[in-house]
$ cat upload12.txt   # compact mmCIF, C-alpha atoms
# COMPACT_ATOMS: atom_id res chain seq x y z
CA MET R 2 84.46 31.59 142.02
CA GLU R 3 85.91 32.28 138.58
CA ASN R 4 89.49 33.42 138.74
CA PRO R 5 90.77 36.44 136.83
CA SER R 6 92.75 34.27 134.39
CA GLU R 7 89.65 32.41 133.28
CA LYS R 8 87.77 35.69 132.86
CA ARG R 9 90.50 37.06 130.64
CA GLN R 10 90.53 33.86 128.52
CA ALA R 11 86.74 34.00 128.12
CA ALA R 12 86.89 37.68 127.15
CA ALA R 13 89.64 36.99 124.63
CA ALA R 14 87.61 34.14 123.10
CA ARG R 15 84.56 36.39 122.74
CA ALA R 16 86.68 39.08 121.14
CA ARG R 17 87.86 36.66 118.48
CA GLU R 18 84.30 35.77 117.43
CA ASN R 19 82.57 37.56 114.55
CA PRO R 20 79.22 39.19 115.24
CA ASP R 21 76.09 37.19 114.38
CA PRO R 22 74.99 37.85 110.80
CA HIS R 23 71.78 39.76 110.21
CA GLU R 24 69.87 40.91 107.14
CA ASN R 25 70.53 44.45 106.04
CA ARG R 26 68.20 46.57 103.93
CA THR R 27 69.53 46.52 100.35
CA PRO R 28 67.38 48.83 98.23
CA MET R 29 67.14 48.34 94.43
CA PRO R 30 69.65 50.54 92.64
CA LYS R 31 68.00 53.68 91.34
CA VAL R 32 69.22 53.01 87.80
CA VAL R 33 67.53 49.59 87.72
CA LEU R 34 64.35 50.99 89.27
CA ALA R 35 64.23 53.77 86.67
CA LEU R 36 64.73 51.22 83.86
CA VAL R 37 61.87 49.03 85.12
CA VAL R 38 59.54 52.02 85.41
CA ALA R 39 60.50 53.16 81.89
CA LEU R 40 59.87 49.70 80.41
CA VAL R 41 56.47 49.38 82.07
CA ALA R 42 55.50 52.86 80.87
CA TRP R 43 56.66 52.09 77.32
CA GLY R 44 54.75 48.77 77.30
CA ALA R 45 51.55 50.46 78.43
CA TRP R 46 51.95 53.19 75.79
CA TYR R 47 52.63 50.61 73.05
CA ILE R 48 49.53 48.56 73.90
CA VAL R 49 47.31 51.64 73.95
CA SER R 50 48.69 53.19 70.76
CA ALA R 51 49.36 50.08 68.60
CA PRO R 52 47.15 49.95 65.46
CA ILE R 53 45.60 46.52 66.03
CA ASN R 54 43.46 46.62 62.88
CA GLU R 55 46.33 47.25 60.48
CA PRO R 56 48.87 44.74 59.13
CA SER R 57 52.04 44.55 61.16
CA ALA R 58 55.09 46.30 59.77
CA LEU R 59 56.87 43.02 60.42
CA GLY R 60 55.88 39.69 58.87
CA ASP R 61 54.29 39.10 55.47
CA ARG R 62 51.24 41.37 55.90
CA ARG R 63 48.72 38.61 55.17
CA THR R 64 45.18 39.20 56.37
CA MET R 65 42.73 36.63 57.73
CA ALA R 66 41.10 36.53 54.29
CA ASP R 67 44.47 35.57 52.78
CA LEU R 68 44.92 32.79 55.32
CA ARG R 69 41.45 31.39 54.69
CA GLY R 70 42.16 31.14 50.96
CA LYS R 71 39.65 31.86 48.23
CA PRO R 72 37.20 28.99 48.09
CA GLN R 73 34.69 31.06 46.16
CA ALA R 74 35.51 32.82 42.93
CA ALA R 75 33.36 35.34 41.08
CA GLY R 76 29.82 34.13 40.55
CA GLY R 77 30.01 31.65 43.42
CA ALA R 78 32.17 29.12 41.56
CA VAL R 79 34.71 27.19 43.62
CA ASP R 80 38.35 28.14 43.07
CA GLY R 81 40.03 24.85 42.15
CA ALA R 82 43.51 26.36 42.41
CA ALA R 83 42.81 27.35 46.03
CA VAL R 84 41.56 23.86 46.85
CA PHE R 85 44.69 22.39 45.26
CA GLN R 86 46.92 24.68 47.32
CA GLY R 87 45.13 23.76 50.50
CA ARG R 88 44.75 20.01 49.99
CA CYS R 89 47.07 18.65 47.31
CA VAL R 90 50.21 20.72 46.93
CA ALA R 91 52.08 19.18 49.85
CA CYS R 92 52.24 15.81 48.08
CA HIS R 93 51.90 16.58 44.39
CA GLN R 94 53.86 19.87 44.56
CA ALA R 95 53.06 23.21 42.93
CA THR R 96 54.73 21.99 39.72
CA GLY R 97 52.49 18.93 39.52
CA GLN R 98 55.60 16.73 39.42
CA GLY R 99 55.02 15.03 42.78
CA LEU R 100 57.98 13.60 44.67
CA PRO R 101 60.00 10.90 42.84
CA GLY R 102 59.43 7.48 44.34
CA VAL R 103 56.96 8.82 46.90
CA PHE R 104 54.05 10.78 45.41
CA PRO R 105 53.10 10.39 41.74
CA PRO R 106 53.05 13.32 39.32
CA LEU R 107 49.85 14.90 38.08
CA ALA R 108 51.55 16.49 35.09
CA GLY R 109 51.06 14.15 32.14
CA SER R 110 49.42 11.52 34.34
CA GLU R 111 47.13 9.15 32.47
CA TRP R 112 44.92 9.00 35.57
CA VAL R 113 44.44 12.77 35.57
CA THR R 114 43.58 13.01 31.88
CA GLY R 115 41.67 9.71 31.76
CA LYS R 116 38.03 9.05 32.55
CA ASP R 117 36.65 11.83 34.74
CA ALA R 118 34.39 9.57 36.79
CA LYS R 119 37.28 7.27 37.70
CA LEU R 120 39.45 10.25 38.70
CA ALA R 121 36.60 11.57 40.86
CA SER R 122 36.27 8.14 42.52
CA ILE R 123 40.00 8.11 43.31
CA VAL R 124 39.82 11.49 45.03
CA LEU R 125 36.63 10.55 46.86
CA ARG R 126 37.80 7.19 48.22
CA GLY R 127 41.60 7.33 48.12
CA VAL R 128 44.16 4.76 46.95
CA THR R 129 46.63 2.46 48.66
CA GLY R 130 49.01 -0.15 47.29
CA LYS R 131 50.78 -0.23 43.95
CA LEU R 132 49.65 2.41 41.47
CA THR R 133 51.44 2.81 38.15
CA VAL R 134 51.74 6.35 36.81
CA LYS R 135 53.62 7.09 33.58
CA GLY R 136 55.27 3.68 33.74
CA THR R 137 56.52 4.07 37.31
CA ALA R 138 55.04 2.13 40.23
CA TYR R 139 54.23 4.03 43.43
CA ASN R 140 53.39 2.34 46.71
CA GLY R 141 52.09 5.21 48.76
CA ALA R 142 48.69 6.11 50.12
CA MET R 143 46.33 8.82 48.97
CA PRO R 144 43.74 9.88 51.54
CA ALA R 145 40.01 9.88 50.84
CA PHE R 146 38.39 13.30 50.51
CA ALA R 147 34.74 12.24 50.43
CA ASP R 148 34.14 13.55 53.94
CA GLN R 149 36.34 16.64 53.54
CA LEU R 150 35.34 18.18 50.21
CA SER R 151 32.01 18.82 48.54
CA ASP R 152 31.14 17.66 45.03
CA ALA R 153 31.70 21.20 43.76
CA GLU R 154 35.13 21.45 45.42
CA ILE R 155 36.28 18.11 44.03
CA ALA R 156 35.01 19.02 40.58
CA ALA R 157 36.84 22.34 40.75
CA VAL R 158 40.18 20.89 41.84
CA LEU R 159 39.99 18.11 39.23
CA THR R 160 39.17 20.64 36.53
CA HIS R 161 42.18 22.62 37.71
CA VAL R 162 44.67 19.75 37.57
CA ARG R 163 43.29 18.57 34.20
CA SER R 164 44.18 21.95 32.70
CA GLN R 165 47.62 22.55 34.28
CA TRP R 166 51.23 21.51 33.57
CA GLY R 167 50.49 20.59 29.97
CA ASN R 168 47.35 18.59 30.76
CA THR R 169 44.47 19.25 28.37
CA ALA R 170 41.43 17.32 29.50
CA PRO R 171 37.81 18.48 29.74
CA ALA R 172 36.42 19.99 32.91
CA VAL R 173 34.82 17.80 35.56
CA THR R 174 31.32 18.65 36.72
CA ALA R 175 29.85 18.44 40.19
CA GLU R 176 27.24 16.08 38.77
CA THR R 177 29.96 13.66 37.69
CA VAL R 178 31.45 13.76 41.18
CA ALA R 179 28.03 13.25 42.76
CA ALA R 180 27.43 10.19 40.59
CA ALA R 181 30.85 8.77 41.51
CA ARG R 182 30.14 9.43 45.18
CA ALA R 183 26.87 7.50 44.98
CA GLU R 184 28.44 4.66 42.99
CA THR R 185 31.26 4.18 45.52
CA ALA R 186 29.21 4.89 48.65
CA ALA R 187 29.46 1.28 49.85
CA MET R 188 33.28 1.34 49.90
CA LYS R 189 34.74 0.94 53.39
CA ALA R 190 38.41 1.16 52.34
CA PRO R 191 40.46 2.94 49.65
CA PHE R 192 41.01 1.46 46.19
CA ASP R 193 43.75 -1.19 46.15
CA GLY R 194 45.90 0.44 43.48
CA ASP R 195 46.12 -0.96 39.95
CA ALA R 196 44.37 -4.16 40.97
CA ALA R 197 41.16 -2.37 41.87
CA LEU R 198 41.26 0.53 39.43
CA GLY R 199 42.17 -1.25 36.21
CA SER R 200 43.07 1.18 33.46
CA PRO R 201 42.72 4.98 33.66
CA GLY R 202 40.28 5.14 30.79
CA GLY R 203 38.21 2.09 31.76
$ encode --input "upload12.txt" --output "structure tokens"
Amino acid sequence: MENPSEKRQAAAARARENPDPHENRTPMPKVVLALVVALVAWGAWYIVSAPINEPSALGDRRTMADLRGKPQAAGGAVDGAAVFQGRCVACHQATGQGLPGVFPPLAGSEWVTGKDAKLASIVLRGVTGKLTVKGTAYNGAMPAFADQLSDAEIAAVLTHVRSQWGNTAPAVTAETVAAARAETAAMKAPFDGDAALGSPGG
């Protein structure tokens, strides 16, 4: 039989203990709930009312036609300037000066104003190794565009660069590019710089 002293000690020990924890209901504050509802309502209204077919008030307002460029000019002719912007400007720069020691200039280049068929072959098949331009040797790599551009596109971009930045050379025709394409069709690798190309006018 438990004596009264032990009962009192047990009761005192229980009294010192904290109640077991339990999860209370903690509702979301009304201010936060109202804010969430307002944001959802505003988002739904914005999606429904936004003018999706008009240029955004933010950004540069370019359309899909702007982003595609202008490959065709009036009369169906290829826009050589657009081809240059899309394919060549990153290396040769908008000024035609290239990047010193890395990419050769097109402005005043003897290769640009030299024989049109040789220039077409360079663009078609690419160049690696040492290439001398305006007395400076460059050891970069120009990619081949035979599989990326048509004869008309290559003719247009070559005509463009031969008439820019002080260059004054005759236009290049698609027929010239087609002949160069056929003549170099057996090539499996780019031209090996000066060693393979010889002189610009040869």
$ closest_residue --input "upload12.txt" --among "R:Leu159, R:Ala186, R:Ala153, R:Val103" --to "Val134 of chain R" --atoms "only C-alpha atoms"
R:Val103
$ atom_distance --input "upload12.txt" --atom1 "atom CA of Pro171 of chain R" --atom2 "atom CA of Lys135 of chain R"
19.9 Å
$ residues_around --input "upload12.txt" --residues "Ala179 of chain R" --least-positions-apart "6" --cutoff "9 Å" --atoms "all atoms listed in the file" --output "list in words"
Ala121, Ser151, Asp152 and Ala153 of chain R
$ write_last_selection --input "upload12.txt" --atoms "C-alpha atoms" --output "mmCIF file, in the frame of the given file"
data_model
loop_
_atom_site.group_PDB
_atom_site.id
_atom_site.type_symbol
_atom_site.label_atom_id
_atom_site.label_comp_id
_atom_site.auth_asym_id
_atom_site.auth_seq_id
_atom_site.Cartn_x
_atom_site.Cartn_y
_atom_site.Cartn_z
ATOM 1 C CA ALA R 121 36.600 11.570 40.860
ATOM 2 C CA SER R 151 32.010 18.820 48.540
ATOM 3 C CA ASP R 152 31.140 17.660 45.030
ATOM 4 C CA ALA R 153 31.700 21.200 43.760
#
$ closest_residue --input "upload12.txt" --among "R:Glu7, R:Glu154, R:Asp193, R:Glu184" --to "Phe85 of chain R" --atoms "all atoms listed in the file"
R:Glu154
$ closest_residue --input "upload12.txt" --among "R:Asp117, R:Met143, R:Trp43, R:Gly202" --to "Cys92 of chain R" --atoms "only C-alpha atoms"
R:Met143
$ residues_near_point --input "upload12.txt" --point "(50.5, 13.2, 41.2)" --cutoff "10 Å" --atoms "only C-alpha atoms" --output "mmCIF file with C-alpha atoms, in the coordinates of the input"
data_model
loop_
_atom_site.group_PDB
_atom_site.id
_atom_site.type_symbol
_atom_site.label_atom_id
_atom_site.label_comp_id
_atom_site.auth_asym_id
_atom_site.auth_seq_id
_atom_site.Cartn_x
_atom_site.Cartn_y
_atom_site.Cartn_z
ATOM 1 C CA CYS R 89 47.070 18.650 47.310
ATOM 2 C CA VAL R 90 50.210 20.720 46.930
ATOM 3 C CA CYS R 92 52.240 15.810 48.080
ATOM 4 C CA HIS R 93 51.900 16.580 44.390
ATOM 5 C CA GLN R 94 53.860 19.870 44.560
ATOM 6 C CA THR R 96 54.730 21.990 39.720
ATOM 7 C CA GLY R 97 52.490 18.930 39.520
ATOM 8 C CA GLN R 98 55.600 16.730 39.420
ATOM 9 C CA GLY R 99 55.020 15.030 42.780
ATOM 10 C CA LEU R 100 57.980 13.600 44.670
ATOM 11 C CA PRO R 101 60.000 10.900 42.840
ATOM 12 C CA VAL R 103 56.960 8.820 46.900
ATOM 13 C CA PHE R 104 54.050 10.780 45.410
ATOM 14 C CA PRO R 105 53.100 10.390 41.740
ATOM 15 C CA PRO R 106 53.050 13.320 39.320
ATOM 16 C CA LEU R 107 49.850 14.900 38.080
ATOM 17 C CA ALA R 108 51.550 16.490 35.090
ATOM 18 C CA GLY R 109 51.060 14.150 32.140
ATOM 19 C CA SER R 110 49.420 11.520 34.340
ATOM 20 C CA TRP R 112 44.920 9.000 35.570
ATOM 21 C CA VAL R 113 44.440 12.770 35.570
ATOM 22 C CA VAL R 134 51.740 6.350 36.810
ATOM 23 C CA MET R 143 46.330 8.820 48.970
ATOM 24 C CA VAL R 162 44.670 19.750 37.570
#
$ atom_distance --input "upload12.txt" --atom1 "atom CA of Phe192 of chain R" --atom2 "atom CA of Val128 of chain R"
4.6 Å
